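Trainee: See work20.cif below, with mmCIF, C-alpha atoms.
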```cif
data_target
#
loop_
_atom_site.label_atom_id
_atom_site.label_comp_id
_atom_site.auth_asym_id
_atom_site.auth_seq_id
_atom_site.Cartn_x
_atom_site.Cartn_y
_atom_site.Cartn_z
CA MET A 1 0.00 0.00 0.00
CA SER A 2 1.58 3.28 -1.12
CA THR A 3 2.22 6.02 1.37
CA SER A 4 2.53 9.70 0.60
CA THR A 5 5.86 11.26 1.46
CA THR A 6 5.30 14.75 0.19
CA GLU A 7 6.53 16.06 3.52
CA LEU A 8 9.94 14.60 2.59
CA GLY A 9 9.84 16.22 -0.80
CA LEU A 10 9.36 12.89 -2.55
CA THR A 11 6.79 11.57 -4.93
CA GLU A 12 4.46 8.87 -3.71
CA THR A 13 6.54 5.80 -2.85
CA THR A 14 6.29 2.31 -1.42
CA LEU A 15 8.07 0.98 1.64
CA LEU A 16 10.48 -1.97 1.56
CA ARG A 17 11.73 -3.63 4.73
CA PHE A 18 14.90 -5.60 4.09
CA ALA A 19 17.70 -7.22 6.07
CA THR A 20 21.34 -7.99 5.37
CA ALA A 21 23.06 -11.20 6.44
CA GLY A 22 26.34 -13.01 5.86
CA SER A 23 29.39 -14.44 7.55
CA VAL A 24 31.89 -12.38 9.54
CA ASP A 25 34.03 -10.11 7.30
CA ASP A 26 31.85 -10.66 4.24
CA GLY A 27 31.29 -6.89 4.14
CA LYS A 28 27.69 -6.40 5.25
CA SER A 29 28.27 -3.16 7.12
CA THR A 30 30.45 -1.85 4.28
CA LEU A 31 27.66 -2.64 1.79
CA VAL A 32 25.10 -0.85 3.97
CA GLY A 33 27.44 2.12 4.36
CA ARG A 34 28.02 2.20 0.61
CA LEU A 35 24.28 2.11 -0.05
CA LEU A 36 23.70 5.01 2.34
CA HIS A 37 26.69 7.00 1.05
CA ASP A 38 26.16 6.57 -2.68
CA SER A 39 22.40 7.14 -2.45
CA LYS A 40 23.10 10.47 -0.71
CA SER A 41 21.39 9.27 2.48
CA VAL A 42 24.20 10.23 4.87
CA LEU A 43 24.16 13.54 6.71
CA THR A 44 27.29 15.67 6.46
CA ASP A 45 28.07 15.50 10.16
CA GLN A 46 27.74 11.69 10.11
CA LEU A 47 30.19 11.41 7.23
CA GLU A 48 32.62 13.80 8.91
CA ALA A 49 32.51 11.71 12.10
CA VAL A 50 33.28 8.55 10.09
CA GLU A 51 36.14 10.31 8.31
CA ARG A 52 37.64 11.40 11.63
CA ALA A 53 37.30 7.92 13.15
CA SER A 54 38.86 6.35 10.04
CA ALA A 55 41.75 8.82 10.03
CA SER A 56 42.45 8.17 13.71
CA ARG A 57 42.94 4.49 12.83
CA GLY A 58 45.36 5.32 10.01
CA GLN A 59 42.94 4.67 7.15
CA ASP A 60 43.25 6.80 4.03
CA ALA A 61 39.60 6.46 2.97
CA PRO A 62 36.46 6.60 5.12
CA ASP A 63 35.46 3.21 6.56
CA LEU A 64 31.80 3.18 5.54
CA ALA A 65 31.11 0.23 7.86
CA LEU A 66 31.26 2.71 10.73
CA LEU A 67 27.99 4.21 9.52
CA THR A 68 26.22 1.16 10.95
CA ASP A 69 28.63 -0.39 13.46
CA GLY A 70 27.95 2.07 16.23
CA LEU A 71 28.85 0.07 19.35
CA ARG A 72 32.40 0.42 20.70
CA ALA A 73 32.84 -3.36 20.77
CA GLU A 74 31.74 -3.54 17.13
CA ARG A 75 34.33 -0.99 16.05
CA GLU A 76 37.11 -2.56 18.09
CA GLN A 77 36.46 -6.09 16.80
CA GLY A 78 35.40 -5.13 13.30
CA ILE A 79 32.20 -7.17 13.54
CA THR A 80 28.50 -6.46 13.84
CA ILE A 81 26.99 -7.53 17.18
CA ASP A 82 23.61 -5.84 17.44
CA VAL A 83 20.94 -5.33 14.77
CA ALA A 84 21.40 -1.82 13.35
CA TYR A 85 18.28 -0.29 11.81
CA ARG A 86 18.66 2.42 9.20
CA TYR A 87 16.00 4.46 7.42
CA PHE A 88 16.62 6.00 4.02
CA ALA A 89 14.77 6.87 0.86
CA THR A 90 15.21 7.40 -2.87
CA PRO A 91 12.71 9.07 -5.21
CA LYS A 92 11.36 5.60 -6.03
CA ARG A 93 11.01 3.95 -2.62
CA ARG A 94 11.49 4.25 1.15
CA PHE A 95 13.53 1.66 3.03
CA ILE A 96 13.84 0.24 6.53
CA LEU A 97 17.08 -1.71 6.66
CA ALA A 98 18.18 -4.15 9.35
CA ASP A 99 21.93 -4.80 9.31
CA THR A 100 22.21 -8.12 11.16
CA PRO A 101 25.31 -9.82 12.61
CA GLY A 102 27.21 -12.49 10.71
CA HIS A 103 28.95 -14.29 13.58
CA VAL A 104 27.30 -17.62 14.41
CA GLN A 105 27.07 -16.47 18.03
CA TYR A 106 24.66 -13.73 16.98
CA THR A 107 22.48 -15.70 14.54
CA ARG A 108 19.57 -15.04 16.91
CA ASN A 109 19.82 -11.36 15.96
CA MET A 110 19.26 -12.23 12.32
CA VAL A 111 15.96 -13.86 13.28
CA THR A 112 14.94 -10.57 14.86
CA GLY A 113 15.98 -8.48 11.87
CA ALA A 114 14.53 -10.75 9.18
CA SER A 115 11.23 -11.57 10.92
CA THR A 116 9.50 -8.54 9.37
CA ALA A 117 11.60 -8.29 6.20
CA GLU A 118 10.24 -8.68 2.69
CA LEU A 119 13.72 -9.13 1.25
CA THR A 120 17.02 -10.44 2.60
CA VAL A 121 20.44 -9.64 1.15
CA VAL A 122 22.80 -12.56 1.83
CA LEU A 123 26.45 -11.63 1.31
CA VAL A 124 29.12 -14.11 0.30
CA ASP A 125 32.87 -13.44 0.12
CA ALA A 126 33.86 -14.35 -3.45
CA ARG A 127 37.13 -15.83 -2.10
CA ASN A 128 35.35 -18.23 0.29
CA GLY A 129 32.13 -19.09 -1.50
CA VAL A 130 29.13 -20.64 0.26
CA VAL A 131 30.00 -21.56 3.86
CA GLU A 132 27.98 -23.00 6.74
CA GLN A 133 26.83 -19.59 7.95
CA THR A 134 25.64 -18.79 4.43
CA ARG A 135 23.49 -21.90 4.50
CA ARG A 136 22.24 -20.99 7.97
CA HIS A 137 21.14 -17.55 6.78
CA ALA A 138 19.43 -19.03 3.73
CA ALA A 139 17.62 -21.49 5.99
CA ILE A 140 16.43 -18.72 8.31
CA ALA A 141 15.21 -16.64 5.34
CA ALA A 142 13.25 -19.66 4.11
CA LEU A 143 11.97 -20.46 7.58
CA LEU A 144 10.74 -16.88 8.06
CA ARG A 145 9.06 -16.98 4.62
CA VAL A 146 11.02 -13.98 3.31
CA PRO A 147 9.68 -13.74 -0.26
CA HIS A 148 12.80 -12.29 -1.95
CA VAL A 149 16.47 -13.20 -1.44
CA VAL A 150 19.40 -11.35 -3.01
CA LEU A 151 22.75 -13.15 -3.18
CA ALA A 152 25.41 -10.42 -3.18
CA VAL A 153 28.75 -11.98 -4.11
CA ASN A 154 31.09 -9.42 -2.55
CA LYS A 155 34.82 -8.63 -2.91
CA MET A 156 34.82 -9.43 -6.61
CA ASP A 157 37.78 -7.03 -6.90
CA LEU A 158 39.86 -9.51 -4.89
CA VAL A 159 39.26 -12.36 -7.38
CA GLY A 160 39.96 -10.33 -10.49
CA TYR A 161 36.26 -9.84 -11.29
CA GLN A 162 36.13 -13.37 -12.72
CA GLU A 163 32.72 -14.33 -14.06
CA SER A 164 33.35 -18.05 -13.51
CA ILE A 165 33.82 -17.57 -9.74
CA PHE A 166 30.59 -15.60 -9.48
CA ALA A 167 28.68 -18.12 -11.61
CA GLY A 168 29.84 -21.07 -9.50
CA ILE A 169 28.83 -19.43 -6.21
CA ALA A 170 25.46 -18.30 -7.62
CA GLU A 171 24.69 -21.80 -8.91
CA GLU A 172 25.56 -23.49 -5.61
CA PHE A 173 23.60 -21.02 -3.47
CA THR A 174 20.54 -20.99 -5.74
CA ALA A 175 20.34 -24.78 -5.75
CA TYR A 176 20.51 -24.87 -1.94
CA ALA A 177 17.97 -22.07 -1.50
CA THR A 178 15.58 -23.65 -3.99
CA GLU A 179 15.72 -26.93 -2.06
CA LEU A 180 14.75 -24.95 1.06
CA GLY A 181 11.75 -23.51 -0.77
CA VAL A 182 13.00 -19.93 -1.25
CA PRO A 183 10.72 -18.60 -4.00
CA GLU A 184 13.17 -16.17 -5.64
CA VAL A 185 16.94 -15.65 -5.67
CA THR A 186 18.64 -12.77 -7.49
CA ALA A 187 22.44 -13.00 -7.69
CA ILE A 188 24.51 -9.81 -8.08
CA PRO A 189 28.34 -9.55 -8.24
CA ILE A 190 29.57 -6.56 -6.23
CA SER A 191 32.48 -4.88 -4.50
CA ALA A 192 31.10 -2.92 -1.57
CA LEU A 193 34.48 -1.39 -0.82
CA VAL A 194 34.88 0.33 -4.19
CA GLY A 195 31.18 0.52 -5.11
CA ASP A 196 30.90 -1.94 -8.00
CA ASN A 197 27.21 -2.72 -8.74
CA VAL A 198 25.99 -1.34 -5.41
CA VAL A 199 24.45 1.91 -6.58
CA GLU A 200 26.33 2.46 -9.84
CA PRO A 201 26.96 -0.21 -12.50
CA SER A 202 30.47 -1.65 -12.54
CA ALA A 203 32.87 -0.89 -15.37
CA ASN A 204 34.90 -3.89 -14.28
CA MET A 205 32.22 -6.52 -14.92
CA ASP A 206 30.84 -5.86 -18.38
CA TRP A 207 29.84 -9.52 -18.51
CA TYR A 208 27.07 -8.82 -15.96
CA GLY A 209 23.91 -7.31 -17.40
CA GLY A 210 21.59 -7.39 -14.38
CA PRO A 211 20.55 -4.63 -11.96
CA THR A 212 22.68 -3.06 -9.25
CA VAL A 213 21.74 -3.75 -5.65
CA LEU A 214 19.89 -0.44 -5.31
CA GLU A 215 18.11 -0.85 -8.66
CA HIS A 216 16.80 -4.23 -7.53
CA LEU A 217 15.75 -2.87 -4.14
CA GLU A 218 13.85 -0.06 -5.87
CA THR A 219 12.01 -2.31 -8.33
CA VAL A 220 11.38 -5.63 -6.55
CA PRO A 221 7.62 -6.20 -6.17
CA VAL A 222 6.39 -5.49 -2.64
CA SER A 223 3.13 -6.96 -1.39
CA HIS A 224 3.12 -6.08 2.31
CA ASP A 225 -0.48 -4.85 2.18
CA LEU A 226 -2.14 -7.34 4.53
CA ALA A 227 -5.60 -5.80 4.25
CA HIS A 228 -6.91 -8.86 2.40
CA CYS A 229 -5.49 -11.46 4.81
CA HIS A 230 -7.38 -13.13 7.66
CA ALA A 231 -8.56 -10.27 9.89
CA ARG A 232 -7.07 -10.44 13.38
CA LEU A 233 -7.08 -7.97 16.30
CA PRO A 234 -5.10 -9.01 19.40
CA VAL A 235 -6.63 -7.08 22.32
CA GLN A 236 -3.99 -5.03 24.15
CA TYR A 237 -6.14 -3.00 26.52
CA VAL A 238 -9.74 -2.58 27.65
CA ILE A 239 -10.77 1.09 27.69
CA ARG A 240 -13.42 2.14 30.24
CA PRO A 241 -13.23 5.91 30.92
CA GLN A 242 -16.29 5.90 33.22
CA THR A 243 -16.54 9.67 32.87
CA ALA A 244 -19.60 11.87 32.73
CA ASP A 245 -19.25 12.12 28.94
CA HIS A 246 -18.67 8.38 28.49
CA PRO A 247 -20.34 6.59 31.43
CA ASP A 248 -20.95 3.31 29.59
CA TYR A 249 -18.06 3.32 27.10
CA ARG A 250 -16.26 -0.03 26.81
CA GLY A 251 -13.77 -0.42 24.00
CA TYR A 252 -11.13 -2.99 23.11
CA ALA A 253 -7.91 -1.44 21.88
CA GLY A 254 -5.09 -2.97 19.85
CA GLN A 255 -3.17 -2.90 16.60
CA ILE A 256 -4.80 -4.81 13.76
CA ALA A 257 -2.37 -7.64 12.93
CA ALA A 258 -3.93 -8.45 9.55
CA GLY A 259 -7.05 -7.93 7.48
CA THR A 260 -9.89 -5.41 7.60
CA PHE A 261 -12.73 -4.86 10.09
CA HIS A 262 -16.08 -3.19 9.37
CA VAL A 263 -18.82 -1.75 11.58
CA GLY A 264 -21.73 -4.20 11.67
CA GLU A 265 -19.52 -7.22 10.99
CA PRO A 266 -20.17 -10.39 13.03
CA VAL A 267 -17.08 -11.25 15.08
CA THR A 268 -15.94 -13.95 17.47
CA VAL A 269 -13.80 -13.43 20.55
CA LEU A 270 -11.20 -16.15 21.06
CA PRO A 271 -10.42 -18.34 22.89
CA SER A 272 -13.87 -18.09 24.57
CA GLY A 273 -15.71 -18.44 21.25
CA ARG A 274 -18.39 -15.85 22.15
CA THR A 275 -19.93 -14.07 19.18
CA THR A 276 -21.27 -10.55 18.69
CA THR A 277 -21.06 -7.72 16.14
CA ILE A 278 -18.93 -4.61 15.82
CA SER A 279 -21.00 -1.59 16.85
CA GLY A 280 -18.26 0.98 16.32
CA ILE A 281 -14.59 1.55 15.49
CA ASP A 282 -12.62 4.49 16.90
CA LEU A 283 -9.45 5.58 15.14
CA LEU A 284 -7.42 8.46 16.61
CA GLY A 285 -10.43 9.46 18.69
CA LYS A 286 -12.83 9.60 15.75
CA PRO A 287 -15.40 7.02 14.61
CA VAL A 288 -14.74 5.24 11.30
CA ASP A 289 -16.62 2.58 9.38
CA THR A 290 -13.58 0.51 8.35
CA ALA A 291 -10.10 -0.15 9.73
CA TRP A 292 -7.25 -2.25 8.37
CA THR A 293 -3.83 -3.75 9.01
CA THR A 294 -1.33 -1.93 11.27
CA GLN A 295 -3.88 0.69 12.35
CA SER A 296 -4.23 1.03 16.12
CA VAL A 297 -7.94 1.15 16.86
CA THR A 298 -10.56 0.70 19.54
CA ILE A 299 -13.40 -1.66 18.67
CA LEU A 300 -16.81 -1.44 20.36
CA LEU A 301 -19.05 -4.50 20.48
CA THR A 302 -22.84 -4.75 20.48
CA ASP A 303 -23.03 -7.19 23.39
CA ASP A 304 -21.45 -6.81 26.82
CA ILE A 305 -19.29 -9.93 26.81
CA ASP A 306 -16.14 -10.77 28.70
CA VAL A 307 -13.12 -9.56 26.70
CA SER A 308 -9.67 -8.95 28.18
CA ARG A 309 -6.04 -8.43 27.18
CA GLY A 310 -4.73 -11.42 25.25
CA ASP A 311 -8.04 -12.22 23.57
CA LEU A 312 -8.28 -12.23 19.78
CA ILE A 313 -11.14 -10.59 17.86
CA VAL A 314 -11.73 -12.21 14.47
CA PRO A 315 -14.52 -12.31 11.84
CA THR A 316 -16.94 -15.10 12.72
CA LYS A 317 -16.82 -16.44 9.16
CA ASP A 318 -13.01 -16.65 9.25
CA ALA A 319 -12.15 -17.74 12.78
CA PRO A 320 -9.07 -19.93 13.37
CA ALA A 321 -9.36 -23.11 15.38
CA THR A 322 -8.14 -23.04 18.97
CA THR A 323 -5.75 -25.69 20.21
CA GLN A 324 -3.59 -26.65 23.16
CA ASP A 325 -1.22 -28.68 20.99
CA VAL A 326 1.08 -26.50 18.90
CA GLU A 327 3.48 -27.98 16.33
CA ALA A 328 6.05 -25.59 14.96
CA THR A 329 9.46 -25.03 13.46
CA VAL A 330 11.67 -23.02 15.79
CA CYS A 331 15.02 -21.28 15.95
CA HIS A 332 16.50 -21.56 19.44
CA VAL A 333 18.14 -18.28 20.45
CA ALA A 334 19.10 -18.72 24.12
CA ASP A 335 22.39 -19.98 25.54
CA GLN A 336 20.58 -22.54 27.72
CA PRO A 337 19.28 -25.57 25.79
CA LEU A 338 15.60 -26.23 25.10
CA THR A 339 14.82 -29.75 26.28
CA VAL A 340 11.89 -32.17 26.21
CA GLY A 341 9.84 -31.50 29.34
CA HIS A 342 11.02 -27.89 29.53
CA ARG A 343 8.37 -25.70 31.23
CA VAL A 344 8.08 -22.36 29.47
CA LEU A 345 5.81 -19.40 28.84
CA LEU A 346 4.45 -19.11 25.29
CA LYS A 347 3.70 -15.58 24.06
CA HIS A 348 1.37 -15.41 21.07
CA GLY A 349 0.23 -11.93 20.09
CA THR A 350 -0.79 -10.21 23.32
CA ARG A 351 -1.48 -13.49 25.16
CA THR A 352 1.03 -15.33 27.35
CA VAL A 353 0.27 -18.84 28.66
CA LYS A 354 2.11 -21.60 30.49
CA ALA A 355 3.35 -24.45 28.32
CA VAL A 356 5.51 -27.57 28.26
CA VAL A 357 7.77 -28.83 25.47
CA LYS A 358 6.18 -32.20 24.75
CA ASP A 359 8.61 -33.40 22.08
CA ILE A 360 11.45 -32.30 19.82
CA PRO A 361 10.90 -34.57 16.79
CA SER A 362 13.90 -33.37 14.79
CA ARG A 363 16.80 -30.98 14.38
CA LEU A 364 17.82 -29.65 10.97
CA THR A 365 21.35 -30.36 9.75
CA LEU A 366 22.30 -27.39 7.60
CA ASP A 367 25.00 -29.09 5.54
CA ASP A 368 22.66 -31.43 3.66
CA LEU A 369 19.22 -30.43 5.02
CA SER A 370 18.82 -33.82 6.65
CA LEU A 371 16.75 -34.20 9.81
CA HIS A 372 18.34 -35.60 12.94
CA PRO A 373 15.46 -37.40 14.72
CA HIS A 374 14.69 -36.87 18.40
CA PRO A 375 17.80 -34.90 19.40
CA GLY A 376 16.39 -34.46 22.92
CA GLN A 377 17.36 -30.79 23.00
CA LEU A 378 18.06 -27.74 20.88
CA VAL A 379 21.07 -25.54 21.64
CA ALA A 380 21.72 -21.93 20.66
CA ASN A 381 21.12 -21.26 16.93
CA ASP A 382 19.65 -24.74 16.29
CA ILE A 383 16.65 -25.01 13.98
CA GLY A 384 14.23 -27.83 14.69
CA ARG A 385 10.67 -29.05 15.08
CA VAL A 386 8.87 -28.98 18.42
CA LYS A 387 5.54 -30.08 19.87
CA ILE A 388 4.21 -27.89 22.66
CA ARG A 389 1.27 -28.40 25.04
CA THR A 390 -0.24 -25.18 26.38
CA ALA A 391 -2.20 -24.71 29.59
CA GLU A 392 -4.94 -22.79 27.75
CA PRO A 393 -6.31 -22.99 24.20
CA LEU A 394 -4.69 -20.64 21.68
CA PRO A 395 -6.13 -19.38 18.37
CA VAL A 396 -3.11 -19.82 16.12
CA ASP A 397 -2.80 -19.47 12.36
CA SER A 398 -0.29 -21.27 10.20
CA TYR A 399 2.83 -19.14 9.73
CA ALA A 400 2.50 -19.74 5.98
CA ASP A 401 -0.85 -17.91 6.13
CA SER A 402 0.10 -15.15 8.56
CA ARG A 403 3.58 -14.15 9.73
CA ARG A 404 1.97 -12.08 12.52
CA THR A 405 -0.49 -14.51 14.10
CA GLY A 406 1.39 -17.67 13.10
CA SER A 407 4.46 -16.80 15.17
CA PHE A 408 5.27 -16.99 18.87
CA ILE A 409 8.17 -16.90 21.31
CA LEU A 410 9.02 -19.17 24.21
CA ILE A 411 10.10 -17.43 27.42
CA ASP A 412 11.91 -18.69 30.51
CA PRO A 413 9.40 -18.23 33.37
CA ALA A 414 12.23 -17.82 35.89
CA ASP A 415 13.88 -14.70 34.47
CA GLY A 416 11.92 -13.65 31.38
CA THR A 417 14.68 -14.60 28.92
CA THR A 418 13.54 -15.23 25.34
CA LEU A 419 14.38 -18.85 24.56
CA THR A 420 12.99 -19.65 21.14
CA ALA A 421 11.29 -18.06 18.13
CA GLY A 422 8.58 -20.29 16.67
CA MET A 423 6.63 -20.54 13.41
CA VAL A 424 3.41 -22.57 13.56
CA GLY A 425 2.77 -25.29 11.03
CA GLU A 426 4.90 -26.92 8.35
CA SER A 427 8.44 -25.74 7.67
CA PHE A 428 10.51 -25.72 4.49
CA ALA A 429 11.76 -29.22 5.38
CA SER A 430 8.99 -30.79 7.41
CA PRO A 431 9.97 -34.11 8.98
CA GLU A 432 8.00 -37.29 8.64
CA PRO A 433 5.57 -37.82 11.51
CA VAL A 434 7.35 -39.48 14.40
CA LYS A 435 5.40 -41.88 16.59
CA ASP A 436 5.58 -40.78 20.22
CA GLU A 437 6.10 -43.96 22.23
CA THR A 438 6.12 -42.21 25.60
CA GLU A 439 3.05 -41.94 27.74
CA ASP A 440 1.55 -38.54 28.50
CA ASP A 441 1.75 -39.05 32.23
CA GLY A 442 2.95 -36.35 34.58
CA TRP A 443 0.94 -33.57 32.93
CA ASP A 444 -0.69 -31.15 35.28
CA PHE A 445 -2.82 -29.38 32.68
#
```
As structure tokens, please, write out the structure in this file.
Mentor:
Amino acid sequence: MSTSTTELGLTETTLLRFATAGSVDDGKSTLVGRLLHDSKSVLTDQLEAVERASASRGQDAPDLALLTDGLRAEREQGITIDVAYRYFATPKRRFILADTPGHVQYTRNMVTGASTAELTVVLVDARNGVVEQTRRHAAIAALLRVPHVVLAVNKMDLVGYQESIFAGIAEEFTAYATELGVPEVTAIPISALVGDNVVEPSANMDWYGGPTVLEHLETVPVSHDLAHCHARLPVQYVIRPQTADHPDYRGYAGQIAAGTFHVGEPVTVLPSGRTTTISGIDLLGKPVDTAWTTQSVTILLTDDIDVSRGDLIVPTKDAPATTQDVEATVCHVADQPLTVGHRVLLKHGTRTVKAVVKDIPSRLTLDDLSLHPHPGQLVANDIGRVKIRTAEPLPVDSYADSRRTGSFILIDPADGTTLTAGMVGESFASPEPVKDETEDDGWDF
């Protein structure tokens, strides 16, 4: 859905959320810095600060990686640790960029950055080719259902701009990504350090006739308008002013996760299953007839039924089933392992419930995409399948249908640490059903 940006002096543009990923020293931060610099998206004082920092380290040219690597530890080690978000725009499109870490220790941060992305740029060092971390990033992009993947083969200047090296890497990565189920891969040979094929076409690779990185980012189809998806409103807050002007006002506030709601529409409140109709919708303090995805609204209902934070308001004709047994593909992000029998909190939308890990049927081996059956636990950065039993019914969608209401996180009830990011339903490499030979004794819910 297009958004006017006349206040920025631009024509009407679309918004693209994208993330960068790659192994350590593949040049992600340099690529991001080059994009910002060559697209004239860097303020003068920012560039001057980078020039001073580069000069103090004895570098002749500005180190554009410093435009994103802002933490002291990042600059000292020359690696990206935290997700760095950058906002920039061209006359054709606006961008929200997440520069994610490449070190295997910080793979969890890539899950955060790519979870809302519509495109992921995976960098590969032309000297090293596809490595394990490259495969890991491709797997996460597939797992998170990122619709577009760009393979940026970087440091082509260090391999003499040889077409054969680029072609070999592109073929290997594309075959792997296709096996994962990635719908689209665009391979681009670049040198982020000198600017080849980042914003301007390269004079050193006349054998390449495709777009530059920025050209592709500006023209790739974007379909992040979720207004036609399953309508879902997770209730965040119940509004009851109880003032003289509004003595009987009772509204249910939240951000619409997907779809469109209309006044007069029959709706169901989950997990209770009670039905009613929408009597009014307030947006920014004013009544409207219709509201859609990402708008924060207050919905008023015809009947006085019990609705509280964590409930989900959905159209009656399009209500998801509720369940206490959740099967999902997960990426484990905590240092402590996730084990069978692990008692956790499961946060889905605005609802948090107690849960137990019933089974871990498989763990994905990234080298050959094989499934290691019943590993017993998942350690940091592992990707695997889990079966979870919740204390209360949850209205979950398949992640393939809705990235917003098909996702959840597992939390350690002892200290609130995020343990695992989960995607409900089938994954890109769903394992065969595994017969559970253990008895379900010992459950207390």
Trainee: For A:Gly416, list every protein, DNA or RNA residue within 12 Å, evaluated using all atoms listed in the file, and leave out those in the same chain fewer than 3 positions away; present the list as a list in words.
Mentor: Ala334, Val344, Leu345, Leu346, Lys347, Thr352, Ile409, Leu410, Ile411, Asp412, Pro413, Leu419 and Thr420 of chain A
Trainee: Nearest residue to A:Val153 out of A:Ala319, A:Val297, A:Val124, A:Leu364, using only C-alpha atoms?
Mentor: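 Looking at the shortest contact to A:Val153, the residue is A:Val124.
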Trainee: Using only C-alpha atoms, can you tell me which of A:Leu369, A:Ala167, A:Val263, A:Met156 comes closest to A:Asn197?
Mentor: A:Met156
Trainee: For A:Val356, which residue out of A:Val333, A:Ile388, A:Leu143, A:Val326 is the nearest one, using all atoms listed in the file?
Mentor: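 Counting all atoms listed in the file, the residue closest to A:Val356 is A:Ile388.
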Trainee: Could you write out as an MDAnalysis selection string the residues that the PyMOL selection byres ((chain A and resi 134) around 12) matches in the shown file?
Mentor: chainID A and resid 20:24 26 102:104 107 121:125 128:133 135:141 151:153 169 172:174 176:177 366:367
Trainee: So, with all atoms listed in the file as the atoms that count, which of A:Thr316, A:Thr277, A:Leu300, A:Phe166 lies closest to A:Asp248?
Mentor: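 Among the listed residues, A:Leu300 lies closest to A:Asp248.
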Trainee: May I have the protein, DNA and RNA residues with any atom at most 9 Å from the point (9.3, -8.7, 5.8), counting all atoms listed in the file, written as a PDB file with C-alpha atoms, in the coordinates of the input?
Mentor:
```pdb
ATOM      1  CA  LEU A  16      10.480  -1.970   1.560  1.00  0.00           C
ATOM      2  CA  ARG A  17      11.730  -3.630   4.730  1.00  0.00           C
ATOM      3  CA  PHE A  18      14.900  -5.600   4.090  1.00  0.00           C
ATOM      4  CA  ALA A  19      17.700  -7.220   6.070  1.00  0.00           C
ATOM      5  CA  ALA A 114      14.530 -10.750   9.180  1.00  0.00           C
ATOM      6  CA  SER A 115      11.230 -11.570  10.920  1.00  0.00           C
ATOM      7  CA  THR A 116       9.500  -8.540   9.370  1.00  0.00           C
ATOM      8  CA  ALA A 117      11.600  -8.290   6.200  1.00  0.00           C
ATOM      9  CA  GLU A 118      10.240  -8.680   2.690  1.00  0.00           C
ATOM     10  CA  LEU A 119      13.720  -9.130   1.250  1.00  0.00           C
ATOM     11  CA  THR A 120      17.020 -10.440   2.600  1.00  0.00           C
ATOM     12  CA  LEU A 144      10.740 -16.880   8.060  1.00  0.00           C
ATOM     13  CA  ARG A 145       9.060 -16.980   4.620  1.00  0.00           C
ATOM     14  CA  VAL A 146      11.020 -13.980   3.310  1.00  0.00           C
ATOM     15  CA  PRO A 147       9.680 -13.740  -0.260  1.00  0.00           C
ATOM     16  CA  HIS A 224       3.120  -6.080   2.310  1.00  0.00           C
ATOM     17  CA  ARG A 403       3.580 -14.150   9.730  1.00  0.00           C
TER      18      ARG A 403
END
```
Trainee: List every protein, DNA or RNA residue with an atom no more than 12 Å from (-3.7, -23.6, 25.1) in the file's coordinates, counting all atoms listed in the file, and format the result as a ChimeraX atom specification.
Mentor: /A:270-272,321-326,345-348,351-356,388-396,445
Trainee: So what does the PyMOL selection byres ((chain A and resi 284-296) around 8) actually pick up in this one, as a list in words?
Mentor: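 Selected by the PyMOL selection byres ((chain A and resi 284-296) around 8) here: Asp225, Leu226, Ala227, Ala253, Gly254, Gln255, Ile256, Ala257, Ala258, Gly259, Thr260, Phe261, His262, Val263, Gly280, Ile281, Asp282, Leu283, Val297 and Thr298 of chain A.
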Trainee: Provide the atom CA of A:Thr90 to atom CA of A:Gly113 distance in Å, to one decimal place.
Mentor: 21.7 Å
Trainee: When you draw a straight line from atom CA of A:Ala231 to atom CA of A:Met423, how long is it in Å?
Mentor: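 Going from atom CA of A:Ala231 over to atom CA of A:Met423, I get 18.7 Å.
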Trainee: Any chance you could resolve the PyMOL selection byres ((chain A and resi 378) around 9) against this file and give the residues as a list in words?
Mentor: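 Taken over the shown coordinates, the PyMOL selection byres ((chain A and resi 378) around 9) returns Cys331, His332, Gln336, Pro337, Leu338, Thr339, Ile360, Arg363, Pro375, Gly376, Gln377, Val379, Ala380, Asn381, Asp382, Ile383 and Gly384 of chain A.
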Trainee: To one decimal in Å, tell me the separation between atom CA of A:Val340 and atom CA of A:Val357.
Mentor: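 Taking atom CA of A:Val340 and atom CA of A:Val357, their separation equals 5.4 Å.
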Trainee: Report as a list of chain:residue names all protein, DNA and RNA residues lying within 8 Å of A:Pro315, evaluated on all atoms listed in the file, omitting residues in the same chain fewer than 6 positions from it.
Mentor: A:Ala231, A:Arg232, A:Phe261, A:Glu265, A:Pro266, A:Val267, A:Thr268
Trainee: Write to file, as a short mmCIF file (atom, residue, chain, number, x, y, z; two decimals), in the coordinates of the input, the residues of the selection just made, with C-alpha atoms.
Mentor:
```cif
data_model
loop_
_atom_site.label_atom_id
_atom_site.label_comp_id
_atom_site.auth_asym_id
_atom_site.auth_seq_id
_atom_site.Cartn_x
_atom_site.Cartn_y
_atom_site.Cartn_z
CA ALA A 231 -8.56 -10.27 9.89
CA ARG A 232 -7.07 -10.44 13.38
CA PHE A 261 -12.73 -4.86 10.09
CA GLU A 265 -19.52 -7.22 10.99
CA PRO A 266 -20.17 -10.39 13.03
CA VAL A 267 -17.08 -11.25 15.08
CA THR A 268 -15.94 -13.95 17.47
#
```
